[in-house]
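*Asks:* Sending over a structure as structure tokens; questions will come in a sec.
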Amino acid sequence: MQRRPSHQKLVVTEGFEANTQVTLNDIAVREFHDALNRDEEMVFAVAAIMALTAVIKRSSATTLMGVSKELADAAQALQRVNPTNISLKAGCELFLRYTTRTSALELQDIEKAKARLIERGLHFAETSTRARQTIAELGSRFIRSNCTVLTHGYSRVVLRLLQQAFSSGLQFSVIVTEGRPDGTGITMAKKLDVENIPVTLVLDSCVGYIMDKVDMVLTGADAVVENGGIINKLGTYGIALAAQAASKPFYVAAESYKFARLYPLGQADLPEERKPLDVGPMLPPRTNVINPSRDYTPPQCISLLVTDLGVLTPAAVSDELIQLYV
């Protein structure tokens, strides 16, 4: 019989059946899923931050080194839930760095130190939740009256930014790519239509054709990497190249918890993630299908990044990462 690792402390907690013993890792994963289920707008990184804060609340460690070990183990457990989710990994790493930099490390009373860590964790979660609104307020200034914005697939922060601009009285229209293979652009088009924002849906392959009608491109990001490039939904790089060829600005809206310590040199360096693709019954059985879910857009294709830390050039991202992680 496989033995439970000694560092996985057994605890009894509310929300589980009576007399059921669970590890802190179990609690972290449960809290993570609960946070996602409670709010459809909840993002993986913020849910992870809330789950790790719950671990501190349940911790029975008697030293701060013990608490740090429990947090590191719980963060690994959360990342195993979705190993290819870059923003989840970045959120866990940022939280661990954020909490361990607190002055609580100087406290001799372990319970007071835990309380300080919990307070800091809750503050970090609250700040991360507010990030979307901060970006909307900053980014809406780039929207001009009667302009046409091209966006790719569905991004919560891009939607919030467009809502903010439209509610200020600006009149503009949006072109949304279909976003195959999961059709997230259709989701975006529906949400924009509910807001009465004029929207047009186009095929992903139509981007080059309609680029002359576009005034700017605005996308979200799964991750912002060390050199100021982004990892995002497949097709983003192609859109950036088309925008560059047509001399159209390419803006990215991204929360700072998506800043990741990654330095891809090309597409092959991305963590592999694939989504189901239905190509119909007529495809010859020996035909290979390549269907990655995301691609890498290098910094030279990006005009500016609108973040909750401010509006940044791609070159400024590395400085911000140093501030976040060091």
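A note on labels: chains of the structure tokens are A, B, ... as shown, every chain counts residues from 1, and ligands are counted from 1 in their shown order.
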Determine, using only C-alpha atoms, which residues of stretch 193-306 of chain A have any atom at most 6 Å from an atom of stretch 177-181 of chain A, and tabulate each with its shortest atom pair and distance in Å to one decimal place, rows ordered by chain and then rising number, as JSON lines.
*Replies:*
{"residue": "A:Leu201", "atom": "CA", "partner": "A:Thr177", "partner_atom": "CA", "distance": 5.8}
{"residue": "A:Val202", "atom": "CA", "partner": "A:Thr177", "partner_atom": "CA", "distance": 5.0}
{"residue": "A:Leu203", "atom": "CA", "partner": "A:Glu178", "partner_atom": "CA", "distance": 5.2}
{"residue": "A:Asp204", "atom": "CA", "partner": "A:Thr177", "partner_atom": "CA", "distance": 5.2}
{"residue": "A:Leu277", "atom": "CA", "partner": "A:Pro181", "partner_atom": "CA", "distance": 5.8}
*Asks:* In stretch 179-287 of chain A, what's helix (DSSP H, G or I) per DSSP? Answer as a ChimeraX atom specification?
*Replies:* /A:184-194,204-213,236-245,256-258,267-269
*Asks:* Just the strand (DSSP E or B) stuff from stretch 29-260 of chain A, please, per backbone DSSP, written as a list in words.
*Replies:*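 Strand (DSSP E or B) members of stretch 29-260 of chain A, listed: Thr148, Val149, Leu150, Thr151, His152, Ser173, Val174, Ile175, Val176, Thr177, Val199, Thr200, Leu201, Val202, Met216, Val217, Leu218, Thr219, Ala223, Val224, Ile230, Ile231, Asn232, Lys233, Phe250, Tyr251, Val252, Ala253 and Phe259 of chain A.
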*Asks:* Leaving out A:Ala254 and any residue of its chain fewer than 6 positions from it, which residues lie within 6 Å of it when counting only C-alpha atoms, given as a list in words?
*Replies:*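 Everything that qualifies: Gly220, Ala221 and Thr307 of chain A.
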*Asks:* Take the residues from that selection and write them out as a PDB file, in the first residue's frame, keeping N, CA and C atoms.
*Replies:*
ATOM      1  N   GLY A 220      -6.438  39.858 -25.586  1.00  0.00           N
ATOM      2  CA  GLY A 220      -6.014  39.496 -24.245  1.00  0.00           C
ATOM      3  C   GLY A 220      -4.739  38.674 -24.325  1.00  0.00           C
ATOM      4  N   ALA A 221      -4.398  37.985 -23.219  1.00  0.00           N
ATOM      5  CA  ALA A 221      -3.212  37.132 -23.201  1.00  0.00           C
ATOM      6  C   ALA A 221      -3.384  36.043 -22.152  1.00  0.00           C
ATOM      7  N   THR A 307      -1.887  47.074 -18.614  1.00  0.00           N
ATOM      8  CA  THR A 307      -1.918  46.214 -17.443  1.00  0.00           C
ATOM      9  C   THR A 307      -2.387  47.007 -16.225  1.00  0.00           C
TER      10      THR A 307
END
*Asks:* Within 8 Å of stretch 71-89 of chain A, which residues of stretch 202-266 of chain A show up? Give each one with its shortest atom-to-atom distance in Å (one decimal) and the two atoms involved, counting only C-alpha atoms, rows by chain then rising residue number, as JSON lines.
*Replies:*
{"residue": "A:Asp222", "atom": "CA", "partner": "A:Ser87", "partner_atom": "CA", "distance": 6.2}
{"residue": "A:Ala223", "atom": "CA", "partner": "A:Ser87", "partner_atom": "CA", "distance": 5.9}
{"residue": "A:Tyr257", "atom": "CA", "partner": "A:Ser87", "partner_atom": "CA", "distance": 7.1}
{"residue": "A:Lys258", "atom": "CA", "partner": "A:Ser87", "partner_atom": "CA", "distance": 5.1}
{"residue": "A:Phe259", "atom": "CA", "partner": "A:Ser87", "partner_atom": "CA", "distance": 7.8}
{"residue": "A:Ala260", "atom": "CA", "partner": "A:Ser87", "partner_atom": "CA", "distance": 7.4}
*Asks:* Next, the residues of the selection above should be written as an mmCIF file, in the first residue's frame with N, CA, C and O atoms.
*Replies:*
data_model
loop_
_atom_site.group_PDB
_atom_site.id
_atom_site.type_symbol
_atom_site.label_atom_id
_atom_site.label_comp_id
_atom_site.auth_asym_id
_atom_site.auth_seq_id
_atom_site.Cartn_x
_atom_site.Cartn_y
_atom_site.Cartn_z
ATOM 1 N N ASP A 222 -2.955 34.842 -22.487
ATOM 2 C CA ASP A 222 -2.884 33.779 -21.483
ATOM 3 C C ASP A 222 -1.702 34.031 -20.559
ATOM 4 O O ASP A 222 -1.760 33.722 -19.368
ATOM 5 N N ALA A 223 -0.628 34.592 -21.118
ATOM 6 C CA ALA A 223 0.564 34.901 -20.327
ATOM 7 C C ALA A 223 1.370 35.981 -21.024
ATOM 8 O O ALA A 223 1.380 36.069 -22.257
ATOM 9 N N TYR A 257 -1.002 39.326 -12.865
ATOM 10 C CA TYR A 257 -0.815 37.955 -12.387
ATOM 11 C C TYR A 257 -0.599 36.978 -13.544
ATOM 12 O O TYR A 257 -0.346 35.792 -13.314
ATOM 13 N N LYS A 258 -0.673 37.467 -14.775
ATOM 14 C CA LYS A 258 -0.349 36.635 -15.933
ATOM 15 C C LYS A 258 1.096 36.815 -16.388
ATOM 16 O O LYS A 258 1.512 36.210 -17.374
ATOM 17 N N PHE A 259 1.845 37.651 -15.690
ATOM 18 C CA PHE A 259 3.267 37.800 -16.002
ATOM 19 C C PHE A 259 3.988 36.527 -15.566
ATOM 20 O O PHE A 259 3.968 36.172 -14.392
ATOM 21 N N ALA A 260 4.615 35.858 -16.510
ATOM 22 C CA ALA A 260 5.198 34.541 -16.247
ATOM 23 C C ALA A 260 6.701 34.547 -16.505
ATOM 24 O O ALA A 260 7.183 35.208 -17.430
#
*Asks:* Calculated over only C-alpha atoms, which of the candidates A:Gly66, A:Gly183, A:Gly139, A:Gly238 has the smallest distance to A:Leu218?
*Replies:* A:Gly139
*Asks:* Report as a PyMOL selection string all protein, DNA and RNA residues lying within 8 Å of A:Arg294, evaluated on only C-alpha atoms, omitting residues in the same chain fewer than 3 positions from it.
*Replies:* chain A and resi 231-236+273
*Asks:* Okay, now the selection with all heavy atoms, as an mmCIF file, in the first residue's frame?
*Replies:*
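Listed below is the output, again.cif:
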data_model
loop_
_atom_site.group_PDB
_atom_site.id
_atom_site.type_symbol
_atom_site.label_atom_id
_atom_site.label_comp_id
_atom_site.auth_asym_id
_atom_site.auth_seq_id
_atom_site.Cartn_x
_atom_site.Cartn_y
_atom_site.Cartn_z
ATOM 1 N N ILE A 231 1.751 34.890 -24.841
ATOM 2 C CA ILE A 231 1.209 33.602 -25.257
ATOM 3 C C ILE A 231 -0.303 33.742 -25.184
ATOM 4 O O ILE A 231 -0.848 34.171 -24.167
ATOM 5 C CB ILE A 231 1.705 32.469 -24.335
ATOM 6 C CG1 ILE A 231 3.228 32.347 -24.426
ATOM 7 C CG2 ILE A 231 1.036 31.150 -24.704
ATOM 8 C CD1 ILE A 231 3.824 31.414 -23.391
ATOM 9 N N ASN A 232 -0.971 33.421 -26.273
ATOM 10 C CA ASN A 232 -2.416 33.627 -26.316
ATOM 11 C C ASN A 232 -3.059 32.631 -27.276
ATOM 12 O O ASN A 232 -2.377 31.794 -27.870
ATOM 13 C CB ASN A 232 -2.727 35.069 -26.748
ATOM 14 C CG ASN A 232 -4.162 35.464 -26.467
ATOM 15 O OD1 ASN A 232 -4.708 35.134 -25.406
ATOM 16 N ND2 ASN A 232 -4.792 36.151 -27.396
ATOM 17 N N LYS A 233 -4.345 32.747 -27.419
ATOM 18 C CA LYS A 233 -5.122 31.853 -28.281
ATOM 19 C C LYS A 233 -4.498 31.736 -29.664
ATOM 20 O O LYS A 233 -4.030 32.728 -30.236
ATOM 21 C CB LYS A 233 -6.548 32.380 -28.390
ATOM 22 C CG LYS A 233 -7.454 31.510 -29.228
ATOM 23 C CD LYS A 233 -8.873 32.030 -29.213
ATOM 24 C CE LYS A 233 -9.760 31.168 -30.097
ATOM 25 N NZ LYS A 233 -9.801 29.758 -29.681
ATOM 26 N N LEU A 234 -4.498 30.522 -30.200
ATOM 27 C CA LEU A 234 -3.943 30.266 -31.527
ATOM 28 C C LEU A 234 -4.532 31.242 -32.548
ATOM 29 O O LEU A 234 -5.736 31.452 -32.610
ATOM 30 C CB LEU A 234 -4.262 28.832 -31.952
ATOM 31 C CG LEU A 234 -3.666 28.391 -33.292
ATOM 32 C CD1 LEU A 234 -2.160 28.276 -33.189
ATOM 33 C CD2 LEU A 234 -4.287 27.074 -33.736
ATOM 34 N N GLY A 235 -3.658 31.823 -33.343
ATOM 35 C CA GLY A 235 -4.075 32.796 -34.341
ATOM 36 C C GLY A 235 -3.676 34.217 -33.995
ATOM 37 O O GLY A 235 -3.665 35.095 -34.862
ATOM 38 N N THR A 236 -3.328 34.438 -32.717
ATOM 39 C CA THR A 236 -2.940 35.789 -32.282
ATOM 40 C C THR A 236 -1.697 36.263 -33.033
ATOM 41 O O THR A 236 -1.619 37.419 -33.470
ATOM 42 C CB THR A 236 -2.681 35.810 -30.767
ATOM 43 O OG1 THR A 236 -3.857 35.369 -30.072
ATOM 44 C CG2 THR A 236 -2.330 37.215 -30.292
ATOM 45 N N GLU A 273 -0.634 22.223 -25.467
ATOM 46 C CA GLU A 273 -2.032 22.088 -25.076
ATOM 47 C C GLU A 273 -2.859 22.013 -26.349
ATOM 48 O O GLU A 273 -2.709 22.844 -27.244
ATOM 49 C CB GLU A 273 -2.482 23.275 -24.230
ATOM 50 C CG GLU A 273 -3.935 23.169 -23.774
ATOM 51 C CD GLU A 273 -4.389 24.385 -22.990
ATOM 52 O OE1 GLU A 273 -4.464 25.473 -23.583
ATOM 53 O OE2 GLU A 273 -4.654 24.246 -21.793
#
*Asks:* Listing only residues of stretch 132-214 of chain A within 12 Å of stretch 311-317 of chain A, what is the closest atom pair and its distance in Å (to one decimal) for each, using only C-alpha atoms, sorted by chain and residue number ascending, as JSON lines?
*Replies:*
{"residue": "A:Thr134", "atom": "CA", "partner": "A:Val311", "partner_atom": "CA", "distance": 10.8}
{"residue": "A:Ile135", "atom": "CA", "partner": "A:Val311", "partner_atom": "CA", "distance": 8.7}
{"residue": "A:Ala136", "atom": "CA", "partner": "A:Val311", "partner_atom": "CA", "distance": 11.4}
{"residue": "A:Glu137", "atom": "CA", "partner": "A:Val311", "partner_atom": "CA", "distance": 11.1}
{"residue": "A:Leu138", "atom": "CA", "partner": "A:Val311", "partner_atom": "CA", "distance": 7.5}
{"residue": "A:Gly139", "atom": "CA", "partner": "A:Val311", "partner_atom": "CA", "distance": 8.1}
{"residue": "A:Ser140", "atom": "CA", "partner": "A:Val311", "partner_atom": "CA", "distance": 11.6}
{"residue": "A:Arg141", "atom": "CA", "partner": "A:Val311", "partner_atom": "CA", "distance": 10.9}
{"residue": "A:Phe142", "atom": "CA", "partner": "A:Val311", "partner_atom": "CA", "distance": 10.7}
*Asks:* Give me, please, the distance in Å between atom CA of A:Gly153 and atom CA of A:Leu305, quoted to one decimal.
*Replies:*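 Value for the atom CA of A:Gly153-atom CA of A:Leu305 distance: 17.8 Å.
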*Asks:* Show which residues sit within 12 Å of A:Gly121, as a ChimeraX atom specification. Count only C-alpha atoms, and ignore same-chain residues fewer than 2 positions away.
*Replies:* /A:46-57,71,91-92,94-102,104,114-119,123-128
*Asks:* Convert the current residue selection to file output with N, CA and C atoms, as a compact mmCIF listing (two decimals), in the first residue's frame.
*Replies:*
# COMPACT_ATOMS: atom_id res chain seq x y z
N VAL A 46 -6.60 33.78 -9.85
CA VAL A 46 -7.20 34.32 -8.63
C VAL A 46 -7.80 33.20 -7.78
N ALA A 47 -8.40 32.19 -8.43
CA ALA A 47 -8.92 31.04 -7.69
C ALA A 47 -7.79 30.32 -6.95
N ALA A 48 -6.63 30.23 -7.59
CA ALA A 48 -5.47 29.61 -6.95
C ALA A 48 -5.01 30.42 -5.74
N ILE A 49 -5.02 31.74 -5.86
CA ILE A 49 -4.62 32.61 -4.76
C ILE A 49 -5.56 32.41 -3.56
N MET A 50 -6.86 32.32 -3.82
CA MET A 50 -7.83 32.10 -2.75
C MET A 50 -7.64 30.73 -2.11
N ALA A 51 -7.31 29.73 -2.93
CA ALA A 51 -7.09 28.37 -2.41
C ALA A 51 -5.85 28.32 -1.52
N LEU A 52 -4.80 29.00 -1.92
CA LEU A 52 -3.56 28.99 -1.13
C LEU A 52 -3.74 29.75 0.18
N THR A 53 -4.56 30.80 0.15
CA THR A 53 -4.87 31.51 1.39
C THR A 53 -5.63 30.60 2.35
N ALA A 54 -6.51 29.76 1.82
CA ALA A 54 -7.24 28.80 2.65
C ALA A 54 -6.29 27.80 3.29
N VAL A 55 -5.21 27.46 2.58
CA VAL A 55 -4.22 26.54 3.14
C VAL A 55 -3.57 27.15 4.39
N ILE A 56 -3.25 28.44 4.33
CA ILE A 56 -2.66 29.10 5.50
C ILE A 56 -3.64 29.07 6.67
N LYS A 57 -4.93 29.30 6.39
CA LYS A 57 -5.94 29.29 7.45
C LYS A 57 -6.01 27.93 8.13
N LEU A 71 2.57 25.55 1.61
CA LEU A 71 2.12 26.36 0.48
C LEU A 71 2.73 25.89 -0.84
N GLY A 91 0.20 32.52 -11.33
CA GLY A 91 -0.51 32.99 -10.13
C GLY A 91 0.02 32.35 -8.87
N CYS A 92 0.28 31.05 -8.92
CA CYS A 92 0.84 30.35 -7.76
C CYS A 92 2.22 30.90 -7.40
N LEU A 94 3.53 33.84 -8.13
CA LEU A 94 3.43 35.21 -7.64
C LEU A 94 2.93 35.24 -6.20
N PHE A 95 1.94 34.39 -5.88
CA PHE A 95 1.41 34.38 -4.52
C PHE A 95 2.48 33.95 -3.53
N LEU A 96 3.21 32.90 -3.86
CA LEU A 96 4.27 32.43 -2.97
C LEU A 96 5.32 33.51 -2.75
N ARG A 97 5.66 34.20 -3.81
CA ARG A 97 6.65 35.26 -3.68
C ARG A 97 6.09 36.44 -2.89
N TYR A 98 4.83 36.76 -3.12
CA TYR A 98 4.18 37.90 -2.47
C TYR A 98 4.08 37.68 -0.96
N THR A 99 3.67 36.47 -0.55
CA THR A 99 3.48 36.20 0.87
C THR A 99 4.81 36.07 1.61
N THR A 100 5.81 35.49 0.97
CA THR A 100 7.08 35.29 1.66
C THR A 100 7.88 36.58 1.79
N ARG A 101 7.48 37.63 1.09
CA ARG A 101 8.18 38.91 1.24
C ARG A 101 7.60 39.75 2.37
N THR A 102 6.57 39.24 3.04
CA THR A 102 5.90 40.02 4.07
C THR A 102 6.75 40.14 5.33
N ALA A 104 5.78 39.54 8.10
CA ALA A 104 5.38 38.48 9.02
C ALA A 104 6.52 37.52 9.31
N LYS A 114 0.94 33.86 10.84
CA LYS A 114 -0.05 33.28 9.92
C LYS A 114 -1.16 34.29 9.62
N ALA A 115 -1.61 35.00 10.67
CA ALA A 115 -2.66 36.00 10.47
C ALA A 115 -2.20 37.08 9.50
N ARG A 116 -0.93 37.48 9.61
CA ARG A 116 -0.39 38.48 8.69
C ARG A 116 -0.32 37.93 7.26
N LEU A 117 0.05 36.67 7.14
CA LEU A 117 0.12 36.04 5.82
C LEU A 117 -1.28 35.93 5.19
N ILE A 118 -2.28 35.57 6.01
CA ILE A 118 -3.66 35.48 5.51
C ILE A 118 -4.14 36.84 5.05
N GLU A 119 -3.87 37.86 5.86
CA GLU A 119 -4.25 39.23 5.51
C GLU A 119 -3.61 39.64 4.19
N HIS A 123 -5.47 40.36 0.58
CA HIS A 123 -5.22 41.62 -0.10
C HIS A 123 -4.76 41.38 -1.53
N PHE A 124 -3.91 40.37 -1.71
CA PHE A 124 -3.41 40.04 -3.05
C PHE A 124 -4.57 39.58 -3.94
N ALA A 125 -5.47 38.74 -3.38
CA ALA A 125 -6.63 38.26 -4.15
C ALA A 125 -7.54 39.43 -4.54
N GLU A 126 -7.76 40.36 -3.59
CA GLU A 126 -8.61 41.51 -3.86
C GLU A 126 -7.99 42.41 -4.93
N THR A 127 -6.68 42.63 -4.82
CA THR A 127 -5.98 43.46 -5.82
C THR A 127 -6.05 42.82 -7.20
N SER A 128 -5.89 41.50 -7.24
CA SER A 128 -5.94 40.78 -8.52
C SER A 128 -7.34 40.84 -9.12
*Asks:* Here is a test: counting only C-alpha atoms, which residue of A:Met42, A:Val225, A:Leu262, A:Val176 is nearest to A:Arg156?
*Replies:*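 Answer, going by the shortest atom-to-atom distance: A:Met42.
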*Asks:* Given only C-alpha atoms as the basis, pick out the residue of A:Glu272, A:Glu226, A:Glu31, A:Glu41 nearest to A:Pro299.
*Replies:* A:Glu226
*Asks:* Quick one: everything within 6 Å of stretch 144-150 of chain A, counting only C-alpha atoms, minus sequence neighbours fewer than 3 positions away in the same chain. Send it as a PyMOL selection string.
*Replies:* chain A and resi 170-176+214-217
*Asks:* Given only C-alpha atoms as the basis, pick out the residue of A:Val158, A:Met282, A:Gln267, A:Pro292 nearest to A:Tyr251.
*Replies:*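 Nearest to A:Tyr251: A:Val158.
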*Asks:* To one decimal place in Å, what is the distance between atom CA of A:Thr151 and atom CA of A:Arg261?
*Replies:*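 Taking atom CA of A:Thr151 and atom CA of A:Arg261, their separation equals 25.7 Å.
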*Asks:* Between A:Tyr237, A:Lys213, A:Glu255, A:Leu162, which is the closest to A:Val43 once you count only C-alpha atoms?
*Replies:*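 So, comparing all the options, the nearest one is A:Glu255.
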